[in-house]
file coords.tsv (TSV, C-alpha atoms)
chain	number	residue	atom	x	y	z
B	1	MET	CA	4.32	-14.25	5.54
B	2	THR	CA	3.69	-16.97	2.99
B	3	GLY	CA	5.97	-19.97	2.71
B	4	PHE	CA	6.18	-23.73	2.34
B	5	ALA	CA	8.67	-26.25	3.71
B	6	GLN	CA	9.00	-30.00	3.99
B	7	ALA	CA	11.36	-32.20	6.00
B	8	ARG	CA	11.80	-35.93	6.47
B	9	VAL	CA	13.67	-37.85	9.18
B	10	GLU	CA	14.21	-41.63	9.04
B	11	ARG	CA	15.21	-43.65	12.09
B	12	GLU	CA	15.12	-47.39	12.78
B	13	GLY	CA	13.05	-48.12	9.70
B	14	SER	CA	10.40	-45.46	10.30
B	15	ASN	CA	9.89	-42.12	8.54
B	16	VAL	CA	8.44	-38.91	9.91
B	17	ARG	CA	7.55	-36.28	7.31
B	18	ILE	CA	6.32	-32.78	8.17
B	19	ASN	CA	4.87	-30.21	5.76
B	20	LEU	CA	4.53	-26.58	6.85
B	21	ARG	CA	2.51	-24.04	4.90
B	22	SER	CA	2.02	-20.45	6.08
B	23	VAL	CA	0.02	-17.50	4.80
B	24	ASN	CA	-0.41	-14.02	6.22
B	25	HIS	CA	-2.55	-13.54	9.33
B	26	ARG	CA	-2.72	-10.90	12.04
B	27	PHE	CA	-1.88	-13.44	14.73
B	28	LEU	CA	-0.35	-16.91	14.95
B	29	ASP	CA	-3.05	-19.38	13.93
B	30	LEU	CA	-1.89	-23.03	14.02
B	31	HIS	CA	-3.75	-25.94	12.40
B	32	LEU	CA	-2.33	-29.43	13.05
B	33	ARG	CA	-3.07	-32.66	11.21
B	34	MET	CA	-1.28	-35.75	12.47
B	35	PRO	CA	-1.65	-39.54	12.74
B	36	ASP	CA	-3.61	-41.22	15.50
B	37	GLY	CA	-1.56	-41.55	18.63
B	38	PHE	CA	0.54	-38.43	17.98
B	39	GLU	CA	-1.67	-36.35	20.28
B	40	VAL	CA	0.92	-36.87	23.03
B	41	PHE	CA	3.28	-34.64	21.01
B	42	GLU	CA	0.80	-31.87	20.19
B	43	SER	CA	1.75	-29.45	22.99
B	44	ARG	CA	5.47	-29.84	22.19
B	45	ILE	CA	4.84	-29.23	18.51
B	46	ARG	CA	2.77	-26.11	19.14
B	47	GLN	CA	5.32	-24.68	21.57
B	48	ALA	CA	8.21	-25.34	19.18
B	49	ILE	CA	6.39	-23.42	16.44
B	50	ARG	CA	5.45	-20.55	18.78
B	51	ASN	CA	9.14	-20.21	19.71
B	52	ARG	CA	10.00	-19.60	16.04
B	53	LEU	CA	6.97	-17.89	14.51
B	54	ARG	CA	4.91	-14.96	15.72
B	55	ARG	CA	2.31	-14.34	13.00
B	56	GLY	CA	0.65	-16.26	10.21
B	57	HIS	CA	-1.91	-18.94	9.50
B	58	VAL	CA	0.23	-22.09	9.62
B	59	ASP	CA	-0.92	-25.53	8.44
B	60	VAL	CA	1.15	-28.35	9.97
B	61	ASN	CA	0.75	-31.78	8.35
B	62	ILE	CA	2.60	-34.69	9.98
B	63	TYR	CA	2.93	-38.07	8.26
B	64	PHE	CA	4.30	-41.31	9.70
B	65	GLU	CA	5.49	-44.12	7.48
B	66	ALA	CA	6.85	-47.46	8.64
B	67	SER	CA	8.93	-49.75	6.45
B	68	GLY	CA	9.81	-53.45	6.65
B	69	ALA	CA	7.90	-56.39	8.01
B	70	GLY	CA	6.61	-54.46	10.98
B	71	ALA	CA	4.79	-51.94	8.81
B	72	ILE	CA	1.47	-53.62	9.61
B	73	GLU	CA	0.63	-54.93	13.05
B	74	VAL	CA	-2.38	-56.86	14.24
B	75	ASN	CA	-3.79	-56.11	17.64
B	76	ARG	CA	-4.28	-59.70	18.81
B	77	GLU	CA	-6.09	-58.74	21.99
B	78	MET	CA	-8.62	-56.74	19.97
B	79	VAL	CA	-9.05	-59.64	17.51
B	80	GLU	CA	-9.63	-62.04	20.39
B	81	SER	CA	-12.33	-59.79	21.84
B	82	TYR	CA	-14.08	-59.54	18.46
B	83	MET	CA	-13.89	-63.33	17.91
B	84	LYS	CA	-15.33	-64.06	21.34
B	85	ALA	CA	-18.18	-61.64	20.65
B	86	VAL	CA	-18.82	-63.32	17.28
B	87	GLN	CA	-18.80	-66.77	18.90
B	88	ARG	CA	-21.32	-65.70	21.54
B	89	LEU	CA	-23.63	-64.33	18.87
B	90	ARG	CA	-23.32	-67.51	16.79
B	91	GLU	CA	-24.29	-69.65	19.78
B	92	GLU	CA	-27.11	-67.35	20.84
B	93	PHE	CA	-28.77	-67.08	17.42
B	94	GLY	CA	-27.70	-70.41	15.93
B	95	VAL	CA	-25.66	-68.87	13.13
B	96	LYS	CA	-23.37	-71.38	11.38
B	97	THR	CA	-21.54	-68.95	9.07
B	98	GLU	CA	-17.82	-68.65	9.78
B	99	PRO	CA	-16.36	-65.18	10.53
B	100	ASP	CA	-15.01	-63.23	7.53
B	101	LEU	CA	-11.35	-62.45	8.27
B	102	VAL	CA	-11.18	-59.73	5.62
B	103	ALA	CA	-14.15	-58.00	7.23
B	104	LEU	CA	-12.50	-58.49	10.62
B	105	PHE	CA	-9.47	-56.50	9.48
B	106	ARG	CA	-11.74	-53.55	8.71
B	107	LEU	CA	-12.95	-53.30	12.30
B	108	PRO	CA	-11.57	-50.41	14.40
B	109	GLY	CA	-8.35	-51.17	16.25
B	110	VAL	CA	-7.58	-54.51	14.60
B	111	VAL	CA	-4.88	-53.32	12.22
B	112	ALA	CA	-2.46	-50.68	13.44
B	113	ALA	CA	0.51	-48.98	11.87
B	114	PRO	CA	3.57	-48.29	14.03
B	115	GLY	CA	3.21	-44.86	15.54
B	116	SER	CA	-0.41	-45.36	16.46
B	117	ALA	CA	-1.49	-45.04	20.06
B	118	GLY	CA	-1.00	-48.76	20.58
B	119	ASP	CA	2.61	-48.54	19.49
B	120	LEU	CA	3.44	-45.76	21.95
B	121	ALA	CA	2.55	-47.64	25.08
B	122	THR	CA	5.89	-47.17	26.83
B	123	GLU	CA	7.72	-43.97	27.72
B	124	GLU	CA	10.79	-45.15	25.83
B	125	GLN	CA	8.80	-45.54	22.61
B	126	GLN	CA	7.23	-42.13	23.09
B	127	GLU	CA	10.59	-40.47	23.70
B	128	LYS	CA	12.21	-42.04	20.65
B	129	LEU	CA	9.40	-41.04	18.32
B	130	GLY	CA	9.04	-37.65	20.02
B	131	ALA	CA	12.72	-36.89	19.42
B	132	GLN	CA	12.30	-37.91	15.77
B	133	VAL	CA	9.30	-35.59	15.41
B	134	GLU	CA	11.14	-32.67	17.04
B	135	THR	CA	14.17	-33.11	14.78
B	136	CYS	CA	11.98	-33.20	11.70
B	137	LEU	CA	9.99	-30.17	12.84
B	138	GLU	CA	13.17	-28.17	13.47
B	139	GLN	CA	14.43	-28.93	9.97
B	140	ALA	CA	11.07	-27.91	8.46
B	141	LEU	CA	11.01	-24.67	10.47
B	142	ASN	CA	14.55	-23.83	9.34
B	143	LYS	CA	13.52	-24.23	5.71
B	144	LEU	CA	10.31	-22.25	6.25
B	145	GLU	CA	12.18	-19.38	7.89
B	146	ALA	CA	14.72	-19.31	5.04
B	147	MET	CA	11.90	-19.01	2.51
B	148	ARG	CA	10.15	-16.35	4.59
B	149	ARG	CA	13.38	-14.34	4.91
B	150	SER	CA	13.84	-14.39	1.15
B	151	GLU	CA	10.27	-13.26	0.59
B	152	GLY	CA	10.66	-10.73	3.41
B	153	GLN	CA	13.53	-9.02	1.62
B	154	SER	CA	11.44	-8.63	-1.53
B	155	LEU	CA	8.55	-7.36	0.58
B	156	THR	CA	10.82	-4.85	2.33
B	157	ASN	CA	12.03	-3.48	-1.00
B	158	GLU	CA	8.46	-3.09	-2.22
B	159	MET	CA	7.32	-1.34	0.96
B	160	GLN	CA	10.32	1.01	0.91
B	161	ALA	CA	9.41	2.01	-2.66
B	162	ILE	CA	5.87	2.85	-1.50
B	163	LEU	CA	7.28	4.87	1.40
B	164	GLU	CA	9.37	6.89	-1.06
B	165	GLN	CA	6.19	7.68	-2.98
B	166	ILE	CA	4.46	8.87	0.18
B	167	ALA	CA	7.45	11.03	1.12
B	168	ALA	CA	7.58	12.58	-2.36
B	169	ARG	CA	3.85	13.33	-2.38
B	170	THR	CA	4.08	14.81	1.11
B	171	ALA	CA	6.77	17.20	-0.13
B	172	GLU	CA	4.56	18.17	-3.09
B	173	ILE	CA	1.62	18.82	-0.79
B	174	GLU	CA	3.82	21.06	1.34
B	175	THR	CA	4.79	23.08	-1.74
B	176	PHE	CA	1.16	23.61	-2.73
B	177	ALA	CA	0.17	24.37	0.87
B	178	GLU	CA	2.57	27.31	0.91
B	179	ARG	CA	0.65	28.86	-1.96
B	180	VAL	CA	-2.72	28.46	-0.27
B	181	ARG	CA	-2.64	31.61	1.91
B	182	PRO	CA	-2.42	34.17	-0.96
B	183	ALA	CA	-4.88	32.08	-2.96
B	184	ILE	CA	-7.37	32.23	-0.08
B	185	ALA	CA	-6.98	36.01	0.22
B	186	ARG	CA	-7.49	36.47	-3.51
B	187	ARG	CA	-10.53	34.21	-3.59
B	188	LEU	CA	-12.03	35.94	-0.53
B	189	ALA	CA	-11.57	39.38	-2.07
B	190	GLU	CA	-13.19	38.29	-5.33
B	191	ARG	CA	-16.15	36.78	-3.51
B	192	LEU	CA	-16.72	39.83	-1.28
B	193	GLU	CA	-16.42	42.21	-4.21
B	194	GLU	CA	-19.01	40.20	-6.04
B	195	LEU	CA	-21.38	40.27	-3.05
B	196	LEU	CA	-20.84	43.96	-2.10
B	197	LYS	CA	-20.90	45.21	-5.72
B	198	GLY	CA	-18.11	47.77	-5.62
B	199	VAL	CA	-18.26	48.85	-1.96
B	200	GLN	CA	-14.75	49.68	-0.72
B	201	LEU	CA	-13.23	46.95	1.51
B	202	ASP	CA	-11.02	47.55	4.52
B	203	PRO	CA	-7.70	45.89	3.53
B	204	ILE	CA	-6.80	45.19	7.17
B	205	ARG	CA	-10.10	43.45	7.82
B	206	LEU	CA	-9.72	41.50	4.59
B	207	ALA	CA	-6.24	40.35	5.64
B	208	GLN	CA	-7.55	39.23	9.04
B	209	GLU	CA	-10.35	37.17	7.48
B	210	ALA	CA	-7.94	35.63	5.00
B	211	ALA	CA	-5.54	34.77	7.84
B	212	MET	CA	-8.32	33.07	9.79
B	213	LEU	CA	-9.35	31.00	6.78
B	214	ALA	CA	-5.72	30.07	6.09
B	215	GLU	CA	-5.25	29.02	9.72
B	216	ARG	CA	-8.22	26.67	9.52
B	217	SER	CA	-6.75	25.21	6.33
B	218	ASP	CA	-3.19	24.91	7.64
B	219	VAL	CA	-1.89	21.36	7.18
B	220	SER	CA	1.69	21.86	8.36
B	221	GLU	CA	1.19	19.76	11.52
B	222	GLU	CA	-0.35	16.89	9.60
B	223	LEU	CA	2.48	16.94	7.09
B	224	ALA	CA	5.11	17.00	9.85
B	225	ARG	CA	3.52	14.01	11.60
B	226	LEU	CA	3.19	12.17	8.30
B	227	ARG	CA	6.91	12.67	7.58
B	228	SER	CA	7.73	11.44	11.08
B	229	HIS	CA	5.61	8.30	10.63
B	230	VAL	CA	7.31	7.55	7.31
B	231	GLU	CA	10.72	7.80	8.95
B	232	GLN	CA	9.65	5.52	11.85
B	233	PHE	CA	8.29	3.04	9.31
B	234	ARG	CA	11.66	2.97	7.55
B	235	LYS	CA	13.50	2.32	10.82
B	236	LEU	CA	11.17	-0.56	11.73
B	237	LEU	CA	11.71	-2.19	8.33
B	238	ALA	CA	15.47	-1.86	8.69
B	239	GLY	CA	15.59	-3.08	12.29
B	240	ALA	CA	15.49	-6.53	13.82
B	241	GLY	CA	12.82	-8.15	15.96
B	242	GLU	CA	9.04	-8.15	15.72
B	243	ALA	CA	7.71	-5.21	13.74
B	244	GLY	CA	4.35	-6.31	12.32
B	245	LYS	CA	2.06	-4.98	15.06
B	246	LYS	CA	4.06	-1.74	15.35
B	247	LEU	CA	3.69	-1.22	11.61
B	248	ASP	CA	-0.06	-1.79	11.94
B	249	PHE	CA	-0.26	0.96	14.56
B	250	LEU	CA	1.85	3.37	12.47
B	251	LEU	CA	-0.36	2.79	9.45
B	252	GLN	CA	-3.45	3.67	11.49
B	253	GLU	CA	-1.79	6.96	12.47
B	254	MET	CA	-0.72	7.66	8.87
B	255	GLN	CA	-4.26	7.04	7.65
B	256	ARG	CA	-5.59	9.41	10.29
B	257	GLU	CA	-3.23	12.19	9.15
B	258	ALA	CA	-4.21	11.65	5.53
B	259	ASN	CA	-7.92	11.89	6.41
B	260	THR	CA	-7.35	15.11	8.38
B	261	LEU	CA	-5.36	16.47	5.46
B	262	LEU	CA	-8.29	15.90	3.13
B	263	SER	CA	-10.80	17.44	5.55
B	264	LYS	CA	-8.72	20.65	5.84
B	265	THR	CA	-7.88	21.00	2.16
B	266	PRO	CA	-9.33	24.31	0.91
B	267	GLY	CA	-11.31	24.19	-2.27
B	268	VAL	CA	-9.50	27.16	-3.79
B	269	GLU	CA	-8.25	27.18	-7.33
B	270	SER	CA	-5.64	24.71	-8.51
B	271	GLU	CA	-3.74	24.51	-5.21
B	272	GLY	CA	-6.62	22.92	-3.28
B	273	LEU	CA	-7.38	20.51	-6.11
B	274	ALA	CA	-3.72	19.46	-6.30
B	275	ILE	CA	-3.54	18.89	-2.53
B	276	THR	CA	-6.73	16.81	-2.63
B	277	GLU	CA	-5.44	14.67	-5.48
B	278	LEU	CA	-2.09	14.10	-3.77
B	279	ALA	CA	-3.73	13.30	-0.42
B	280	LEU	CA	-5.91	10.68	-2.11
B	281	GLU	CA	-2.78	9.14	-3.63
B	282	VAL	CA	-1.19	9.06	-0.18
B	283	LYS	CA	-4.26	7.25	1.22
B	284	SER	CA	-4.00	4.72	-1.60
B	285	ASP	CA	-0.30	4.17	-0.85
B	286	ILE	CA	-1.03	3.71	2.86
B	287	GLU	CA	-3.64	1.08	2.01
B	288	LYS	CA	-1.08	-0.77	-0.10
B	289	LEU	CA	1.29	-0.72	2.87
B	290	ARG	CA	-1.47	-2.01	5.14
B	291	GLU	CA	-2.01	-5.03	2.88
B	292	GLN	CA	1.70	-5.79	2.79
B	293	ALA	CA	2.19	-5.23	6.53
B	294	GLN	CA	-0.07	-8.22	7.20
B	295	ASN	CA	2.84	-10.34	5.91
B	296	VAL	CA	5.38	-8.82	8.32
B	297	GLU	CA	6.11	-10.70	11.51
call {"tool": "encode", "arguments": {"input": "coords.tsv", "output": "structure tokens"}}
result
Amino acid sequence: MTGFAQARVEREGSNVRINLRSVNHRFLDLHLRMPDGFEVFESRIRQAIRNRLRRGHVDVNIYFEASGAGAIEVNREMVESYMKAVQRLREEFGVKTEPDLVALFRLPGVVAAPGSAGDLATEEQQEKLGAQVETCLEQALNKLEAMRRSEGQSLTNEMQAILEQIAARTAEIETFAERVRPAIARRLAERLEELLKGVQLDPIRLAQEAAMLAERSDVSEELARLRSHVEQFRKLLAGAGEAGKKLDFLLQEMQREANTLLSKTPGVESEGLAITELALEVKSDIEKLREQAQNVE
């Protein structure tokens, strides 16, 4: 299910912003991007999302912004280590050039924004920021679910319309299938008369052969199962809870019935051609449902 949501929570001069973007996927596929130092929250974030979402490729982008004078912090211990190393090198190689402070700020670990690993040294700091992240994530998930529900209703309406098409075509196939038996007998008689050139045919034997051919071409079971699958599909769409994987399974069964229907369709006169055309339309409708079912959780 596709969707996008954004939430922001500000506490004690710091802002946490979370963007969630989801697209259809057979399973739940999470991709997290977050500031340095937020790794301590990763397992909590993933579990919170798993508790709310079951399917979809979900991109989670977390941003941390600090305001006020404390927005930039200098790691004095790191600076001291760098300066001592510079001083040793100056003495060892006789270099008289003074250290470049601007270049020093570019070195790893010298400048840190609040929320980095260095700012989460205590459990209290971690808990405060962790609670802020969880609150923001919950708000973003609420918005994402609202958008997905809205899209889900539109998707349900579209899939129900396709199901109605399948049901209507199944009924048409059944009507044509009822005409197949006499058509087979007529075609068989014409073919035998052509081959035997006027030799009298035993009507009983002819009826038996026609019945055997009609039996091999009987599609009543396939049509009955197809109608049953359509009805189960409707119930799953109307019900609550996870339905995506069940719909996937039903669609596999529906596709199987449609394939069997095509393989048994007799090539006799207009009836067989009509059944073949309708069965191909059913297969096309099932494929449309398969594409849409990937969005159903």
call {"tool": "atom_distance", "arguments": {"input": "coords.tsv", "atom1": "CA of Ala167 (chain B)", "atom2": "CA of Phe249 (chain B)"}}
result
18.5 Å
call {"tool": "closest_residue", "arguments": {"input": "coords.tsv", "among": "B:Phe64, B:Tyr82, B:Phe233, B:Phe38", "to": "Glu127 (chain B)", "atoms": "all atoms listed in the file"}}
result
B:Phe38
call {"tool": "closest_residue", "arguments": {"input": "coords.tsv", "among": "B:Phe105, B:Ala161, B:Thr276, B:Leu20", "to": "Asn75 (chain B)", "atoms": "only C-alpha atoms"}}
result
B:Phe105
call {"tool": "atom_distance", "arguments": {"input": "coords.tsv", "atom1": "CA of Phe176 (chain B)", "atom2": "CA of Glu271 (chain B)"}}
result
5.6 Å
call {"tool": "closest_residue", "arguments": {"input": "coords.tsv", "among": "B:Met83, B:Leu226, B:Ile162, B:Glu91", "to": "Val110 (chain B)", "atoms": "all atoms listed in the file"}}
result
B:Met83
call {"tool": "residues_around", "arguments": {"input": "coords.tsv", "residues": "Glu134 (chain B)", "least_positions_apart": "3", "cutoff": "10 Å", "atoms": "all atoms listed in the file", "output": "list in words"}}
result
Val9, Val16, Phe41, Arg44, Ile45, Ala48, Leu129, Gly130, Ala131, Leu137, Glu138, Gln139 and Ala140 of chain B
call {"tool": "atom_distance", "arguments": {"input": "coords.tsv", "atom1": "CA of Gln87 (chain B)", "atom2": "CA of Glu73 (chain B)"}}
result
23.5 Å
call {"tool": "closest_residue", "arguments": {"input": "coords.tsv", "among": "B:Val230, B:Ala171, B:Val282, B:Ile62", "to": "Asp36 (chain B)", "atoms": "only C-alpha atoms"}}
result
B:Ile62
call {"tool": "closest_residue", "arguments": {"input": "coords.tsv", "among": "B:Leu251, B:Ile49, B:Met147, B:Val296", "to": "His31 (chain B)", "atoms": "all atoms listed in the file"}}
result
B:Ile49
call {"tool": "residues_around", "arguments": {"input": "coords.tsv", "residues": "Asn295 (chain B)", "least_positions_apart": "4", "cutoff": "12 Å", "atoms": "only C-alpha atoms", "output": "PyMOL selection string"}}
result
chain B and resi 1-3+22-28+54-57+148-149+151-156+159+242-245+247-248+288-291
call {"tool": "closest_residue", "arguments": {"input": "coords.tsv", "among": "B:Ala238, B:His229, B:Ser220, B:Ile166", "to": "Leu280 (chain B)", "atoms": "all atoms listed in the file"}}
result
B:Ile166
call {"tool": "residues_near_point", "arguments": {"input": "coords.tsv", "point": "(2.2, -27.2, 2.8)", "cutoff": "9 Å", "atoms": "only C-alpha atoms", "output": "VMD selection string"}}
result
chain B and resid 3 to 6 18 to 22 58 to 61
